[in-house]
Amino acid sequence: MKYITRIAATTLLLASPLVMADASDDVQYMQSRWAEVNYQLEGKAQETAFEQLVEQAGEFTRANPRDASVWIWSGIIKSTFAGVKGGLGALGLAKESKADFEKALDLDDKALDGSAYGSLGTLYFRVPGWPVGFGDDDKAEELLKAALTLNPDGIDSNYFYGTYLIEEKRYDEARRYLDKAAAAKDRPGREIADAGRREEIAEALASIADK
């Protein structure tokens with residue numbers, strides 16, 4: 001479903017171990033808080049929490065402007081909030097998310113096992129195309145395949161491509177990738193996210209059971 005319808009530090013300081021440690025802490029916070037907000041909250045409480053998390057993500061990217069992982073998580077937070085928010089207001093968030101992922105790719109396209117490719121690809125097939133938005137199914141598939149090249153066994157990379165294939169009505173292919181996502185190993189420290197993703201995988205498979 002489309003989003004619109006539902007949806008200053010010096011170079012030396014940036015390279016210091018202290019800043020890198022802070023960036024790692026920021027990423028861990030963003031990913032754990034995102035999982036809580038996305039999978040455990042609903043309604044107004046969820047929307048308010050996402051608004052706060054978007055603000056915090058902005059602080060983290062300003063503090064760590066050369067860390068691709070921070071930009072990736074900023075983009076994930078904004079794109080997920082776009083899906084929650086829906087309507088025309090979602091498109092602005094989607095555009096900001098796109099810019100964050102592109103920034104991450106410029107810095108390090110292999111960061112977080114190529115997550116920027118998969119997340120950006122998902123944006124491209126969920127956002128409406130021209131003249132409303134920037135959606136492009138061909139570009140989406142290119143990016144999603146790039147994510148799979150870097151992380152062929154990942155739960156997210158296979159799930160994202162599987163859901164894209166459902167949108168394209170390529171159901172037999174979709175099943176293969178969704179089954180692979182379901183068989184992916186659990187990620188240490190990502191228990192909430194993995195549980196939520198596995199529910200989404202099951203729902204996606206159920207939606208094409210008779211296709």
# chains A, B, ... in the order shown; residues from 1 in each chain; ligands from 1
$ residues_around --residues "segment 187-196 of chain A" --least-positions-apart "4" --cutoff "10 Å" --atoms "only C-alpha atoms" --output "ChimeraX atom specification"
/A:28,31-36,38-40,154-156,182,200-201
$ write_last_selection --atoms "C-alpha atoms" --output "compact mmCIF listing (two decimals), in the first residue's frame"
# COMPACT_ATOMS: atom_id res chain seq x y z
CA GLN A 28 21.89 1.04 19.31
CA GLN A 31 17.26 0.69 16.60
CA SER A 32 15.96 -0.47 19.98
CA ARG A 33 13.64 2.52 20.43
CA TRP A 34 12.38 2.19 16.85
CA ALA A 35 11.44 -1.44 17.53
CA GLU A 36 9.55 -0.48 20.68
CA ASN A 38 6.94 0.47 15.79
CA TYR A 39 5.85 -2.84 17.27
CA GLN A 40 4.65 -2.09 20.80
CA GLY A 154 19.21 -11.36 6.01
CA ILE A 155 15.70 -11.26 7.39
CA ASP A 156 15.08 -7.69 6.24
CA ALA A 182 11.41 -16.57 7.85
CA GLU A 200 4.95 -9.39 9.11
CA ILE A 201 6.54 -12.21 7.13
$ residues_around --residues "Leu150 of chain A" --least-positions-apart "2" --cutoff "8 Å" --atoms "only C-alpha atoms" --output "list in words"
Lys110, Asp113, Gly114, Ala146, Ala147, Leu148 and Pro152 of chain A
$ select_by_dssp --residues "segment 78-200 of chain A" --states "helix (DSSP H, G or I)" --output "PyMOL selection string"
chain A and resi 78-85+88-108+111-126+137-150+155-167+171-182+191-200
$ residues_around --residues "Tyr177 of chain A" --least-positions-apart "4" --cutoff "12 Å" --atoms "only C-alpha atoms" --output "number ranges by chain"
A: 144-145, 148, 152-166, 170-173, 181-184, 201, 204-205
$ write_last_selection --atoms "C-alpha atoms" --output "PDB file, in the first residue's frame"
ATOM      1  CA  LEU A 144      16.556  -4.252  -3.351  1.00  0.00           C
ATOM      2  CA  LYS A 145      18.750  -6.622  -5.341  1.00  0.00           C
ATOM      3  CA  LEU A 148      20.480  -8.906  -1.257  1.00  0.00           C
ATOM      4  CA  PRO A 152      21.753 -12.582   0.918  1.00  0.00           C
ATOM      5  CA  ASP A 153      20.534 -14.355   4.064  1.00  0.00           C
ATOM      6  CA  GLY A 154      19.210 -11.358   6.006  1.00  0.00           C
ATOM      7  CA  ILE A 155      15.701 -11.263   7.393  1.00  0.00           C
ATOM      8  CA  ASP A 156      15.076  -7.695   6.240  1.00  0.00           C
ATOM      9  CA  SER A 157      16.708  -7.883   2.808  1.00  0.00           C
ATOM     10  CA  ASN A 158      14.662 -10.971   1.905  1.00  0.00           C
ATOM     11  CA  TYR A 159      11.451  -9.621   3.432  1.00  0.00           C
ATOM     12  CA  PHE A 160      11.723  -6.306   1.612  1.00  0.00           C
ATOM     13  CA  TYR A 161      12.295  -7.966  -1.745  1.00  0.00           C
ATOM     14  CA  GLY A 162       9.521 -10.456  -1.051  1.00  0.00           C
ATOM     15  CA  THR A 163       6.999  -7.701  -0.371  1.00  0.00           C
ATOM     16  CA  TYR A 164       8.111  -5.884  -3.505  1.00  0.00           C
ATOM     17  CA  LEU A 165       7.485  -9.059  -5.524  1.00  0.00           C
ATOM     18  CA  ILE A 166       3.983  -9.295  -4.043  1.00  0.00           C
ATOM     19  CA  ARG A 170       5.255 -12.238  -8.856  1.00  0.00           C
ATOM     20  CA  TYR A 171       3.935 -14.552  -6.176  1.00  0.00           C
ATOM     21  CA  ASP A 172       6.078 -17.654  -6.680  1.00  0.00           C
ATOM     22  CA  GLU A 173       9.244 -15.568  -6.443  1.00  0.00           C
ATOM     23  CA  ALA A 181      13.382 -14.345   5.486  1.00  0.00           C
ATOM     24  CA  ALA A 182      11.407 -16.574   7.846  1.00  0.00           C
ATOM     25  CA  ALA A 183      14.378 -18.947   8.099  1.00  0.00           C
ATOM     26  CA  ALA A 184      16.873 -16.181   8.881  1.00  0.00           C
ATOM     27  CA  ILE A 201       6.543 -12.206   7.128  1.00  0.00           C
ATOM     28  CA  ALA A 204       2.785 -11.529   3.813  1.00  0.00           C
ATOM     29  CA  LEU A 205       2.881 -15.282   3.181  1.00  0.00           C
TER      30      LEU A 205
END
$ residues_around --residues "Lys78 of chain A" --least-positions-apart "2" --cutoff "8 Å" --atoms "only C-alpha atoms" --output "list of chain:residue names"
A:Val54, A:Ser74, A:Gly75, A:Ile76, A:Thr80, A:Phe81, A:Ala82, A:Leu93, A:Ala94, A:Glu96, A:Ser97
$ residues_around --residues "Gly133 of chain A" --least-positions-apart "4" --cutoff "9 Å" --atoms "only C-alpha atoms" --output "CSV table (one decimal) with N, CA and C atoms, in the first residue's frame"
chain,number,residue,atom,x,y,z
A,4,ILE,N,1.2,7.5,0.6
A,4,ILE,CA,0.3,8.6,0.5
A,4,ILE,C,-1.2,8.2,0.8
A,91,LEU,N,4.5,12.2,2.7
A,91,LEU,CA,5.4,12.4,1.5
A,91,LEU,C,6.6,13.2,1.9
A,95,LYS,N,10.5,11.9,1.7
A,95,LYS,CA,11.6,12.6,0.9
A,95,LYS,C,12.8,12.8,1.8
A,127,VAL,N,6.3,4.6,-2.3
A,127,VAL,CA,5.9,6.0,-2.5
A,127,VAL,C,5.3,6.1,-3.9
A,128,PRO,N,4.3,6.9,-4.1
A,128,PRO,CA,3.7,7.1,-5.4
A,128,PRO,C,4.7,7.7,-6.4
A,129,GLY,N,4.5,7.4,-7.7
A,129,GLY,CA,5.4,8.0,-8.7
A,129,GLY,C,5.0,9.4,-9.1
$ closest_residue --among "A:Ile72, A:Lys98, A:Lys85, A:Arg62" --to "Gly43 of chain A" --atoms "only C-alpha atoms"
A:Lys85
$ atom_distance --atom1 "atom CA of Ala104 of chain A" --atom2 "atom CA of Asp136 of chain A"
19.9 Å
